[in-house]
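First up is the structure itself, then whatever we jot down about it.
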Amino acid sequence: MAANVYASATSNGEAVELTGGGSVTIDCPDVGNSLTSVPEGARAEVDRELALLDEQIAAAYRQLQDQAQAVRQDPGFADNAVMNPLKEKRGATIGRIAEAIDRDGDRPDGVDALAACSLRITEEQKQQEQGEQQGGQQGQDAGQEQGSAQESGQNGQQNGQQGNGGQAGNGPVAGDYVDITTVAATQQLPDPRSGPSRGTFVTSCGVNANGLFNSDNVIVAPGVTNGAHHFHDYIGNQSNNAFASDDDLAKAETSCVDQSDKSTYYWPVLRLQNGTQEQDAKSPGGGIEGNAGEIVTAKQVTLTFVGNPSSKVTEMPRLLRIITGDAKAFVNGPANANASWSCTGFEDRQLKDKYPLCPAGSDVVRTFRFQSCWDGANIDSANHRTHVAFAAADGTCPAGFEAVPQLVQRIVYDVDAPSLQDGGKTTPLFAVDSFPEQLHKPVTDHGDFINVFDEKLMREMVDCINEGRTCGAGADDGAGDGDNGNGGNGDNGGGNGDNGNGDNGGGNGDDNGSDDGGQQPSQSPEAPASEPATTAPATTDPVDTEPDTGDDGAGGVPVTTDPTRDTKPSPKAATSAPAAASAAASAASGGEIGAPATAPPTVSTPAQTTPPADTGTGTLPGGTEPQAVQGDLAETGASLWPGALGALLVIGGFVVLRRSTRGN
């Protein structure tokens, strides 16, 4: 039973409203997105100033929450006490950004006009409150009992006190969720595994069972503590924080099974808004900024690199940084949004701006399909976007870009559908962490990746994908692929093919491969129950793969085929790490991308495992010879003909001898 708690460390629980009702948030132009060119010498200063802009917005939003009563009593209070001072602070900061760029390059045009922000009424909250009021009035008009009317009024008052909803008063609200069974299946797209680079490479790096979190973002705000203003889950590289240098990342420990993968994979944590006071309850990025509740550890995480439907792929440069999705998409709009939400058993339907309500026995799934076209020169760019791009629906990259392996992340959570009728009191709401003014909207979901693969392993990955094999320490060791979750299917960028994972493969080895002899970690999550099979939608013409702008955000589902499987284990794969699970139970169930993985609670260098020795005779260790290993039917027949001919000659001799005897 979830606790009925809605106040955070800094919120008095009252709604932030304007005259006429409706909750509000602060909508500011994104200065960072407008900076497409920043001289190298100005990068550090510009990054610090951009982080300061984020802090100014977060502080202004907290002020609105703290002074909600004054805002209600005086509509001009918000402008005079919050918005105008915010504009002045932003103007000064933007001026410093322009001057820093001007010292080493050309002063950016139009940035001074980005200082002003506005108060934005969230219409969905207004409609929800109006609906509750109308429902209560209708009940009274119908002559309901006084006690029921009073209860309705109290519920309405409680909902109003939640402000923008949620435990900390800044979201989510009931309108942020939708029943996945009511969502239409998404359109299918070309699958890279039907093209010239049809292989897949799976790396296994755990689920962050050891609890590595922080609210930094070394890509967007290097050197700035709490640069993200929300907490991230980290797997892979264990040294990722705001102050990590490239050298720090290269020398770090990793949670990945293959120790040659020191890449860092991170995303906003998912929380249950049940009143739990986590380690960050009184910290910036946590409860102080509206990110409250119990952090949920993922049940499964799969990290799969796939090819391109129209070309071979080339190696990613070491330390390439990629951000997919937009943490500020609620106020920025969906241009860069790449969120993708679904449920196991229903992954042929994907949501962009809604959280899924999954039926019993089905788990929540987040999928990130990263950009897979690289400009061939830069590992980062001023706005952290223009050096990479999404491929078109047919797999072609923009002019001047080349195809690289596409990272597809699939994260599964064992969380129940919240009880929306009582605001999550019976079964708590769930939501991703966000900037406070983004109200935990699902469209703000995003993922971050820095490539710290050993260069030799990166070459192996590219060869594997281009040769149509399935490889990597996280690849399944012998089960069929099913749909393999599509792995990559049309870059899609956010709208198209985001599901790419089939439906989790039902009973496809979700026990993290303990059956193959690998030692199971002590904190391994419970194996999921088999999930219902989902029939794939009919194939339709592919759609554009740029980030989607639609409402339900249903993207395209790539058509999939099975690659050739490479069964050779990586020489650095650890037997102490959980073995990969089967990729699929059957084609009908859709399969999943790669294999689920669970990390041990602590990071240690795993023991080495040696591939079975090749005896050179075609026999496997243990003396068992594979069926038909000695050739086909023609070869077998050829070896039998001499013996058969000899037998016929012997029989003929006996017949001649018998006849000659009778003749005598």
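Going by the structure tokens order, chains are called A, B, ..., each with residues numbered from 1, while ligands are numbered from 1 in the order shown.
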Problem - Close residues, A:Arg43 itself excluded, 12 Å, only C-alpha atoms, min 2 positions apart in chain, as a PyMOL selection string - result: chain A and resi 32+35-41+45-50+97-98+100-105+219-223+380-384
Exercise for the section: Find the residues near stretch 241-257 of chain A: any atom within 6 Å, counting only C-alpha atoms, skip ones fewer than 3 places away on the same chain, and give them as a ChimeraX atom specification. Expected result: /A:204-205,216-218,222-225,236-238,262,573-574,603
Write a file of the selected residues as a PDB file, in the first residue's frame, keeping N, CA and C atoms.
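Output file part.pdb is given in full below:
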ATOM      1  N   SER A 204      26.876  -6.763 -22.353  1.00  0.00           N
ATOM      2  CA  SER A 204      26.113  -6.981 -21.125  1.00  0.00           C
ATOM      3  C   SER A 204      26.779  -6.229 -19.980  1.00  0.00           C
ATOM      4  N   CYS A 205      26.081  -5.251 -19.411  1.00  0.00           N
ATOM      5  CA  CYS A 205      26.693  -4.382 -18.397  1.00  0.00           C
ATOM      6  C   CYS A 205      25.869  -4.256 -17.123  1.00  0.00           C
ATOM      7  N   ASP A 216      24.743  14.590 -12.209  1.00  0.00           N
ATOM      8  CA  ASP A 216      25.642  15.292 -13.129  1.00  0.00           C
ATOM      9  C   ASP A 216      25.323  14.902 -14.567  1.00  0.00           C
ATOM     10  N   ASN A 217      25.942  15.602 -15.503  1.00  0.00           N
ATOM     11  CA  ASN A 217      25.934  15.168 -16.892  1.00  0.00           C
ATOM     12  C   ASN A 217      27.227  15.628 -17.537  1.00  0.00           C
ATOM     13  N   VAL A 218      28.191  14.724 -17.631  1.00  0.00           N
ATOM     14  CA  VAL A 218      29.524  15.081 -18.098  1.00  0.00           C
ATOM     15  C   VAL A 218      29.532  15.469 -19.574  1.00  0.00           C
ATOM     16  N   PRO A 222      30.019  19.459 -18.274  1.00  0.00           N
ATOM     17  CA  PRO A 222      31.256  18.985 -17.636  1.00  0.00           C
ATOM     18  C   PRO A 222      31.772  19.988 -16.623  1.00  0.00           C
ATOM     19  N   GLY A 223      32.213  19.473 -15.466  1.00  0.00           N
ATOM     20  CA  GLY A 223      32.746  20.342 -14.426  1.00  0.00           C
ATOM     21  C   GLY A 223      31.701  21.031 -13.586  1.00  0.00           C
ATOM     22  N   VAL A 224      30.416  20.691 -13.767  1.00  0.00           N
ATOM     23  CA  VAL A 224      29.328  21.342 -13.030  1.00  0.00           C
ATOM     24  C   VAL A 224      28.584  20.297 -12.213  1.00  0.00           C
ATOM     25  N   THR A 225      28.655  20.402 -10.902  1.00  0.00           N
ATOM     26  CA  THR A 225      27.904  19.494 -10.044  1.00  0.00           C
ATOM     27  C   THR A 225      26.409  19.740 -10.219  1.00  0.00           C
ATOM     28  N   GLY A 236      28.004   0.217 -16.952  1.00  0.00           N
ATOM     29  CA  GLY A 236      29.253   0.292 -17.703  1.00  0.00           C
ATOM     30  C   GLY A 236      30.295   1.018 -16.887  1.00  0.00           C
ATOM     31  N   ASN A 237      30.819   2.106 -17.413  1.00  0.00           N
ATOM     32  CA  ASN A 237      31.900   2.854 -16.777  1.00  0.00           C
ATOM     33  C   ASN A 237      31.514   3.293 -15.360  1.00  0.00           C
ATOM     34  N   GLN A 238      32.399   3.055 -14.403  1.00  0.00           N
ATOM     35  CA  GLN A 238      32.096   3.325 -13.001  1.00  0.00           C
ATOM     36  C   GLN A 238      32.691   4.637 -12.494  1.00  0.00           C
ATOM     37  N   LYS A 262      34.386  -0.206 -21.706  1.00  0.00           N
ATOM     38  CA  LYS A 262      34.313   0.746 -20.598  1.00  0.00           C
ATOM     39  C   LYS A 262      33.418   1.921 -20.950  1.00  0.00           C
ATOM     40  N   ALA A 573      34.980 -12.612 -21.875  1.00  0.00           N
ATOM     41  CA  ALA A 573      33.700 -12.807 -21.209  1.00  0.00           C
ATOM     42  C   ALA A 573      33.924 -13.523 -19.895  1.00  0.00           C
ATOM     43  N   ALA A 574      33.164 -13.138 -18.866  1.00  0.00           N
ATOM     44  CA  ALA A 574      33.395 -13.685 -17.529  1.00  0.00           C
ATOM     45  C   ALA A 574      32.389 -14.762 -17.206  1.00  0.00           C
ATOM     46  N   VAL A 603      31.501  -4.075  -8.286  1.00  0.00           N
ATOM     47  CA  VAL A 603      32.247  -4.226  -9.529  1.00  0.00           C
ATOM     48  C   VAL A 603      33.580  -4.887  -9.243  1.00  0.00           C
TER      49      VAL A 603
END
Exercise for the section: Name the residues in contact with A:Ile26 at a cut-off of 8 Å, using only C-alpha atoms, excluding same-chain residues fewer than 3 positions from it; report them as a PyMOL selection string. Expected result: chain A and resi 57+61+117-120+437
Writer output for current selection, N, CA and C atoms, as a compact mmCIF listing (two decimals), in the first residue's frame:
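So selection_5.txt came out as:
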# COMPACT_ATOMS: atom_id res chain seq x y z
N ILE A 57 16.49 28.56 -14.01
CA ILE A 57 15.10 28.11 -14.24
C ILE A 57 14.62 27.25 -13.08
N TYR A 61 11.43 28.03 -10.61
CA TYR A 61 10.30 27.12 -10.44
C TYR A 61 10.08 26.80 -8.97
N CYS A 117 11.26 34.41 -20.51
CA CYS A 117 10.53 33.15 -20.32
C CYS A 117 9.06 33.47 -20.10
N SER A 118 8.23 32.47 -20.11
CA SER A 118 6.80 32.68 -19.88
C SER A 118 6.28 31.63 -18.91
N LEU A 119 5.16 31.95 -18.28
CA LEU A 119 4.45 30.98 -17.44
C LEU A 119 3.49 30.22 -18.33
N ARG A 120 3.58 28.94 -18.30
CA ARG A 120 2.75 28.11 -19.19
C ARG A 120 1.75 27.31 -18.38
N GLU A 437 10.95 21.95 -13.92
CA GLU A 437 9.90 22.60 -14.71
C GLU A 437 9.36 21.71 -15.83
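Near stretch 394-404 of chain A, within 6 Å and counting only C-alpha atoms, sit A:Asn308, A:Pro309, A:Ser310, A:Val313, A:Thr314, A:Met316, A:Ser372, A:Cys373, A:Trp374, A:Asp375, A:Gly490; same-chain residues fewer than 5 positions away were not included.
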Mind dumping the selected residues with all heavy atoms as a JSON list (two decimals), in the first residue's frame?
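After the write, again-v5.json holds the following:
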[["chain", "number", "residue", "atom", "x", "y", "z"],
["A", 308, "ASN", "N", 22.91, -1.29, -40.53],
["A", 308, "ASN", "CA", 22.17, -0.32, -41.32],
["A", 308, "ASN", "C", 21.51, -1.03, -42.49],
["A", 308, "ASN", "O", 22.13, -1.90, -43.12],
["A", 308, "ASN", "CB", 23.16, 0.75, -41.82],
["A", 308, "ASN", "CG", 22.50, 1.85, -42.61],
["A", 308, "ASN", "OD1", 22.13, 1.66, -43.76],
["A", 308, "ASN", "ND2", 22.38, 3.01, -42.01],
["A", 309, "PRO", "N", 20.26, -0.71, -42.82],
["A", 309, "PRO", "CA", 19.57, -1.44, -43.89],
["A", 309, "PRO", "C", 20.08, -1.16, -45.29],
["A", 309, "PRO", "O", 19.70, -1.86, -46.23],
["A", 309, "PRO", "CB", 18.11, -0.99, -43.74],
["A", 309, "PRO", "CG", 18.11, 0.19, -42.88],
["A", 309, "PRO", "CD", 19.37, 0.21, -42.10],
["A", 310, "SER", "N", 20.95, -0.16, -45.46],
["A", 310, "SER", "CA", 21.38, 0.16, -46.82],
["A", 310, "SER", "C", 22.89, 0.17, -47.02],
["A", 310, "SER", "O", 23.35, 0.32, -48.15],
["A", 310, "SER", "CB", 20.83, 1.53, -47.24],
["A", 310, "SER", "OG", 21.42, 2.57, -46.48],
["A", 313, "VAL", "N", 28.62, -0.65, -41.97],
["A", 313, "VAL", "CA", 28.88, 0.35, -40.94],
["A", 313, "VAL", "C", 30.38, 0.48, -40.72],
["A", 313, "VAL", "O", 31.14, -0.44, -41.01],
["A", 313, "VAL", "CB", 28.18, 0.00, -39.61],
["A", 313, "VAL", "CG1", 26.67, 0.03, -39.77],
["A", 313, "VAL", "CG2", 28.64, -1.36, -39.08],
["A", 314, "THR", "N", 30.79, 1.63, -40.22],
["A", 314, "THR", "CA", 32.19, 1.87, -39.92],
["A", 314, "THR", "C", 32.35, 2.02, -38.41],
["A", 314, "THR", "O", 31.35, 2.16, -37.68],
["A", 314, "THR", "CB", 32.69, 3.14, -40.64],
["A", 314, "THR", "OG1", 34.10, 3.23, -40.52],
["A", 314, "THR", "CG2", 32.05, 4.40, -40.06],
["A", 316, "MET", "N", 32.83, 3.37, -34.71],
["A", 316, "MET", "CA", 32.62, 4.60, -33.94],
["A", 316, "MET", "C", 33.98, 5.12, -33.47],
["A", 316, "MET", "O", 34.82, 4.33, -33.05],
["A", 316, "MET", "CB", 31.78, 4.33, -32.69],
["A", 316, "MET", "CG", 30.33, 4.06, -32.91],
["A", 316, "MET", "SD", 29.54, 3.86, -31.28],
["A", 316, "MET", "CE", 27.84, 3.61, -31.77],
["A", 372, "SER", "N", 22.62, 6.98, -35.62],
["A", 372, "SER", "CA", 23.58, 6.02, -36.18],
["A", 372, "SER", "C", 24.31, 6.57, -37.40],
["A", 372, "SER", "O", 24.88, 5.79, -38.17],
["A", 372, "SER", "CB", 22.88, 4.72, -36.54],
["A", 372, "SER", "OG", 21.95, 4.93, -37.58],
["A", 373, "CYS", "N", 24.31, 7.87, -37.58],
["A", 373, "CYS", "CA", 25.09, 8.50, -38.65],
["A", 373, "CYS", "C", 26.05, 9.49, -37.99],
["A", 373, "CYS", "O", 25.63, 10.31, -37.17],
["A", 373, "CYS", "CB", 24.19, 9.22, -39.64],
["A", 373, "CYS", "SG", 23.03, 8.14, -40.51],
["A", 374, "TRP", "N", 27.32, 9.43, -38.36],
["A", 374, "TRP", "CA", 28.36, 10.25, -37.75],
["A", 374, "TRP", "C", 28.99, 11.13, -38.82],
["A", 374, "TRP", "O", 29.15, 10.71, -39.97],
["A", 374, "TRP", "CB", 29.39, 9.33, -37.09],
["A", 374, "TRP", "CG", 30.65, 10.00, -36.62],
["A", 374, "TRP", "CD1", 30.73, 11.08, -35.78],
["A", 374, "TRP", "CD2", 31.99, 9.63, -36.94],
["A", 374, "TRP", "NE1", 32.05, 11.40, -35.57],
["A", 374, "TRP", "CE2", 32.85, 10.53, -36.27],
["A", 374, "TRP", "CE3", 32.55, 8.63, -37.73],
["A", 374, "TRP", "CZ2", 34.23, 10.45, -36.37],
["A", 374, "TRP", "CZ3", 33.92, 8.54, -37.83],
["A", 374, "TRP", "CH2", 34.75, 9.45, -37.15],
["A", 375, "ASP", "N", 29.38, 12.37, -38.44],
["A", 375, "ASP", "CA", 29.91, 13.31, -39.43],
["A", 375, "ASP", "C", 31.33, 12.99, -39.87],
["A", 375, "ASP", "O", 31.90, 13.68, -40.72],
["A", 375, "ASP", "CB", 29.82, 14.75, -38.93],
["A", 375, "ASP", "CG", 30.75, 15.05, -37.76],
["A", 375, "ASP", "OD1", 31.55, 14.17, -37.36],
["A", 375, "ASP", "OD2", 30.69, 16.18, -37.23],
["A", 490, "GLY", "N", 15.79, 0.68, -38.71],
["A", 490, "GLY", "CA", 15.58, 1.95, -39.22],
["A", 490, "GLY", "C", 15.79, 2.92, -38.16],
["A", 490, "GLY", "O", 14.97, 3.30, -37.45]]
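When only C-alpha atoms are used to compute distances to A:Trp267, the closest of the residues A:Gly325, A:Gly286, A:Pro428, A:Pro418 turns out to be A:Gly325.
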Practice task
For A:Lys312, please output as a PyMOL selection string all residues within 8 Å (counting only C-alpha atoms; exclusion window: fewer than 6 positions along the same chain).
Solution key: chain A and resi 196-197+403+466
Practice task
Mind giving me the straight-line distance from atom CA of A:Gln350 to atom CA of A:Ala174 in Å, one decimal?
Solution key: 18.5 Å
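Closest approach to A:Leu272 among A:Leu429, A:Met458, A:Ile411, A:Ala298: A:Leu429, based on only C-alpha atoms.
Shortest separation to A:Ala42 among A:Gln67, A:Val365, A:Asn210, A:Asp106 occurs at residue A:Asp106, atoms counted being only C-alpha atoms.
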Exercise for the section: From a DSSP pass on the backbone, collect the residues of stretch 337-431 of chain A flagged as strand (DSSP E or B) and hand them back as a count of residues only. Expected result: 29
Compile the contact shell of A:Leu407 as a short mmCIF file (atom, residue, chain, number, x, y, z; two decimals) with N, CA, C and O atoms, in the first residue's frame: residues with an atom at most 7 Å away, counting only C-alpha atoms, same-chain residues fewer than 5 positions apart removed.
data_model
loop_
_atom_site.label_atom_id
_atom_site.label_comp_id
_atom_site.auth_asym_id
_atom_site.auth_seq_id
_atom_site.Cartn_x
_atom_site.Cartn_y
_atom_site.Cartn_z
N LEU A 303 21.68 -4.11 -24.23
CA LEU A 303 22.43 -3.12 -24.99
C LEU A 303 22.89 -3.80 -26.28
O LEU A 303 23.77 -4.65 -26.27
N THR A 304 22.26 -3.43 -27.38
CA THR A 304 22.52 -4.09 -28.65
C THR A 304 22.96 -3.07 -29.69
O THR A 304 22.37 -2.00 -29.81
N PHE A 305 24.02 -3.40 -30.41
CA PHE A 305 24.48 -2.58 -31.52
C PHE A 305 24.10 -3.29 -32.82
O PHE A 305 24.42 -4.47 -32.99
N VAL A 306 23.44 -2.56 -33.72
CA VAL A 306 22.96 -3.16 -34.95
C VAL A 306 23.48 -2.38 -36.15
O VAL A 306 24.06 -1.30 -36.02
N ARG A 369 16.66 4.30 -29.07
CA ARG A 369 17.34 3.97 -30.31
C ARG A 369 18.17 5.19 -30.71
O ARG A 369 17.64 6.23 -31.07
N PHE A 370 19.48 5.05 -30.61
CA PHE A 370 20.38 6.19 -30.75
C PHE A 370 20.65 6.54 -32.23
O PHE A 370 20.44 5.72 -33.12
#
Might you pull out every residue within 8 Å of A:Trp341, with only C-alpha atoms counted and same-chain residues fewer than 2 positions away left off, and present them as a PDB file with all heavy atoms, in the first residue's frame?
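Contents of selection33.pdb, freshly written:
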ATOM      1  N   ALA A 339      11.635   9.651 -26.917  1.00  0.00           N
ATOM      2  CA  ALA A 339      11.157   8.733 -25.889  1.00  0.00           C
ATOM      3  C   ALA A 339      10.378   7.608 -26.548  1.00  0.00           C
ATOM      4  O   ALA A 339       9.773   7.784 -27.608  1.00  0.00           O
ATOM      5  CB  ALA A 339      10.267   9.482 -24.899  1.00  0.00           C
ATOM      6  N   CYS A 343       4.997  -1.877 -23.179  1.00  0.00           N
ATOM      7  CA  CYS A 343       4.844  -2.951 -22.198  1.00  0.00           C
ATOM      8  C   CYS A 343       5.282  -4.259 -22.847  1.00  0.00           C
ATOM      9  O   CYS A 343       5.081  -4.462 -24.052  1.00  0.00           O
ATOM     10  CB  CYS A 343       3.389  -3.093 -21.758  1.00  0.00           C
ATOM     11  SG  CYS A 343       2.651  -1.604 -21.047  1.00  0.00           S
ATOM     12  N   GLN A 350       4.075   1.710 -29.508  1.00  0.00           N
ATOM     13  CA  GLN A 350       5.016   2.534 -28.762  1.00  0.00           C
ATOM     14  C   GLN A 350       4.420   3.905 -28.479  1.00  0.00           C
ATOM     15  O   GLN A 350       3.653   4.440 -29.275  1.00  0.00           O
ATOM     16  CB  GLN A 350       6.319   2.693 -29.554  1.00  0.00           C
ATOM     17  CG  GLN A 350       7.097   1.398 -29.739  1.00  0.00           C
ATOM     18  CD  GLN A 350       7.747   0.908 -28.467  1.00  0.00           C
ATOM     19  OE1 GLN A 350       8.342   1.681 -27.720  1.00  0.00           O
ATOM     20  NE2 GLN A 350       7.660  -0.391 -28.205  1.00  0.00           N
ATOM     21  N   LEU A 351       4.794   4.470 -27.332  1.00  0.00           N
ATOM     22  CA  LEU A 351       4.279   5.766 -26.885  1.00  0.00           C
ATOM     23  C   LEU A 351       5.420   6.751 -26.743  1.00  0.00           C
ATOM     24  O   LEU A 351       6.495   6.401 -26.274  1.00  0.00           O
ATOM     25  CB  LEU A 351       3.567   5.614 -25.537  1.00  0.00           C
ATOM     26  CG  LEU A 351       2.384   4.642 -25.517  1.00  0.00           C
ATOM     27  CD1 LEU A 351       2.008   4.302 -24.071  1.00  0.00           C
ATOM     28  CD2 LEU A 351       1.194   5.261 -26.235  1.00  0.00           C
ATOM     29  N   LYS A 352       5.169   7.994 -27.134  1.00  0.00           N
ATOM     30  CA  LYS A 352       6.178   9.042 -27.028  1.00  0.00           C
ATOM     31  C   LYS A 352       5.903   9.982 -25.864  1.00  0.00           C
ATOM     32  O   LYS A 352       6.812  10.368 -25.148  1.00  0.00           O
ATOM     33  CB  LYS A 352       6.226   9.866 -28.325  1.00  0.00           C
ATOM     34  CG  LYS A 352       6.475   9.037 -29.553  1.00  0.00           C
ATOM     35  CD  LYS A 352       7.803   8.340 -29.470  1.00  0.00           C
ATOM     36  CE  LYS A 352       7.953   7.335 -30.582  1.00  0.00           C
ATOM     37  NZ  LYS A 352       9.138   6.495 -30.396  1.00  0.00           N
ATOM     38  N   LYS A 354       3.306   9.551 -23.471  1.00  0.00           N
ATOM     39  CA  LYS A 354       2.479   8.949 -22.424  1.00  0.00           C
ATOM     40  C   LYS A 354       3.253   7.803 -21.779  1.00  0.00           C
ATOM     41  O   LYS A 354       4.031   7.111 -22.427  1.00  0.00           O
ATOM     42  CB  LYS A 354       1.165   8.385 -22.996  1.00  0.00           C
ATOM     43  CG  LYS A 354       0.297   9.391 -23.738  1.00  0.00           C
ATOM     44  CD  LYS A 354      -0.343  10.398 -22.803  1.00  0.00           C
ATOM     45  CE  LYS A 354      -1.253  11.342 -23.595  1.00  0.00           C
ATOM     46  NZ  LYS A 354      -1.795  12.413 -22.710  1.00  0.00           N
ATOM     47  N   TYR A 355       2.994   7.612 -20.473  1.00  0.00           N
ATOM     48  CA  TYR A 355       3.471   6.410 -19.807  1.00  0.00           C
ATOM     49  C   TYR A 355       2.452   5.298 -20.053  1.00  0.00           C
ATOM     50  O   TYR A 355       1.242   5.549 -20.054  1.00  0.00           O
ATOM     51  CB  TYR A 355       3.601   6.634 -18.301  1.00  0.00           C
ATOM     52  CG  TYR A 355       4.670   7.621 -17.885  1.00  0.00           C
ATOM     53  CD1 TYR A 355       4.335   8.813 -17.236  1.00  0.00           C
ATOM     54  CD2 TYR A 355       6.014   7.361 -18.109  1.00  0.00           C
ATOM     55  CE1 TYR A 355       5.304   9.717 -16.832  1.00  0.00           C
ATOM     56  CE2 TYR A 355       6.998   8.254 -17.718  1.00  0.00           C
ATOM     57  CZ  TYR A 355       6.634   9.431 -17.082  1.00  0.00           C
ATOM     58  OH  TYR A 355       7.610  10.317 -16.700  1.00  0.00           O
ATOM     59  N   PRO A 356       2.896   4.060 -20.224  1.00  0.00           N
ATOM     60  CA  PRO A 356       1.951   2.973 -20.479  1.00  0.00           C
ATOM     61  C   PRO A 356       1.354   2.412 -19.190  1.00  0.00           C
ATOM     62  O   PRO A 356       2.047   2.258 -18.184  1.00  0.00           O
ATOM     63  CB  PRO A 356       2.818   1.921 -21.167  1.00  0.00           C
ATOM     64  CG  PRO A 356       4.176   2.118 -20.551  1.00  0.00           C
ATOM     65  CD  PRO A 356       4.299   3.607 -20.303  1.00  0.00           C
ATOM     66  N   VAL A 364       6.769  -2.646 -17.724  1.00  0.00           N
ATOM     67  CA  VAL A 364       7.015  -1.393 -18.438  1.00  0.00           C
ATOM     68  C   VAL A 364       8.365  -1.478 -19.153  1.00  0.00           C
ATOM     69  O   VAL A 364       9.349  -1.975 -18.604  1.00  0.00           O
ATOM     70  CB  VAL A 364       7.012  -0.206 -17.457  1.00  0.00           C
ATOM     71  CG1 VAL A 364       7.471   1.085 -18.141  1.00  0.00           C
ATOM     72  CG2 VAL A 364       5.613  -0.017 -16.867  1.00  0.00           C
ATOM     73  N   VAL A 365       8.414  -0.989 -20.392  1.00  0.00           N
ATOM     74  CA  VAL A 365       9.630  -1.027 -21.198  1.00  0.00           C
ATOM     75  C   VAL A 365       9.957   0.378 -21.716  1.00  0.00           C
ATOM     76  O   VAL A 365       9.097   1.058 -22.266  1.00  0.00           O
ATOM     77  CB  VAL A 365       9.482  -1.981 -22.404  1.00  0.00           C
ATOM     78  CG1 VAL A 365      10.787  -2.023 -23.201  1.00  0.00           C
ATOM     79  CG2 VAL A 365       9.091  -3.372 -21.957  1.00  0.00           C
ATOM     80  N   ARG A 366      11.218   0.786 -21.508  1.00  0.00           N
ATOM     81  CA  ARG A 366      11.751   2.008 -22.135  1.00  0.00           C
ATOM     82  C   ARG A 366      12.741   1.563 -23.203  1.00  0.00           C
ATOM     83  O   ARG A 366      13.604   0.735 -22.933  1.00  0.00           O
ATOM     84  CB  ARG A 366      12.512   2.867 -21.126  1.00  0.00           C
ATOM     85  CG  ARG A 366      11.726   3.370 -19.970  1.00  0.00           C
ATOM     86  CD  ARG A 366      12.647   3.815 -18.829  1.00  0.00           C
ATOM     87  NE  ARG A 366      13.282   5.114 -19.047  1.00  0.00           N
ATOM     88  CZ  ARG A 366      14.100   5.681 -18.151  1.00  0.00           C
ATOM     89  NH1 ARG A 366      14.399   5.051 -17.019  1.00  0.00           N
ATOM     90  NH2 ARG A 366      14.629   6.867 -18.390  1.00  0.00           N
ATOM     91  N   THR A 367      12.639   2.146 -24.384  1.00  0.00           N
ATOM     92  CA  THR A 367      13.574   1.819 -25.456  1.00  0.00           C
ATOM     93  C   THR A 367      14.203   3.099 -25.980  1.00  0.00           C
ATOM     94  O   THR A 367      13.505   4.071 -26.253  1.00  0.00           O
ATOM     95  CB  THR A 367      12.867   1.086 -26.614  1.00  0.00           C
ATOM     96  OG1 THR A 367      12.232  -0.086 -26.116  1.00  0.00           O
ATOM     97  CG2 THR A 367      13.861   0.694 -27.691  1.00  0.00           C
TER      98      THR A 367
END
Problem - Best match for closeness to A:Asp363 among A:Leu420, A:Ala389, A:Ile180, A:Leu439, counting only C-alpha atoms - result: A:Ile180
Handout entry: Between atom CA of A:Gly199 and atom CA of A:Cys471, distance in Å (one decimal)
Key = 8.0 Å
Practice task
Go ahead and compute the interatomic distance for atom CA of A:Gly468 and atom CA of A:Asn338, in Å to one decimal.
Solution key: 27.3 Å
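Proximity of A:Val331, A:Leu114, A:Val296, A:Val31 to A:Pro436, computed with only C-alpha atoms, is greatest for A:Val331.
Counting only C-alpha atoms, the residue from A:Thr200, A:Pro29, A:Glu88, A:Asp258 that sits nearest to A:Asp454 is A:Asp258.
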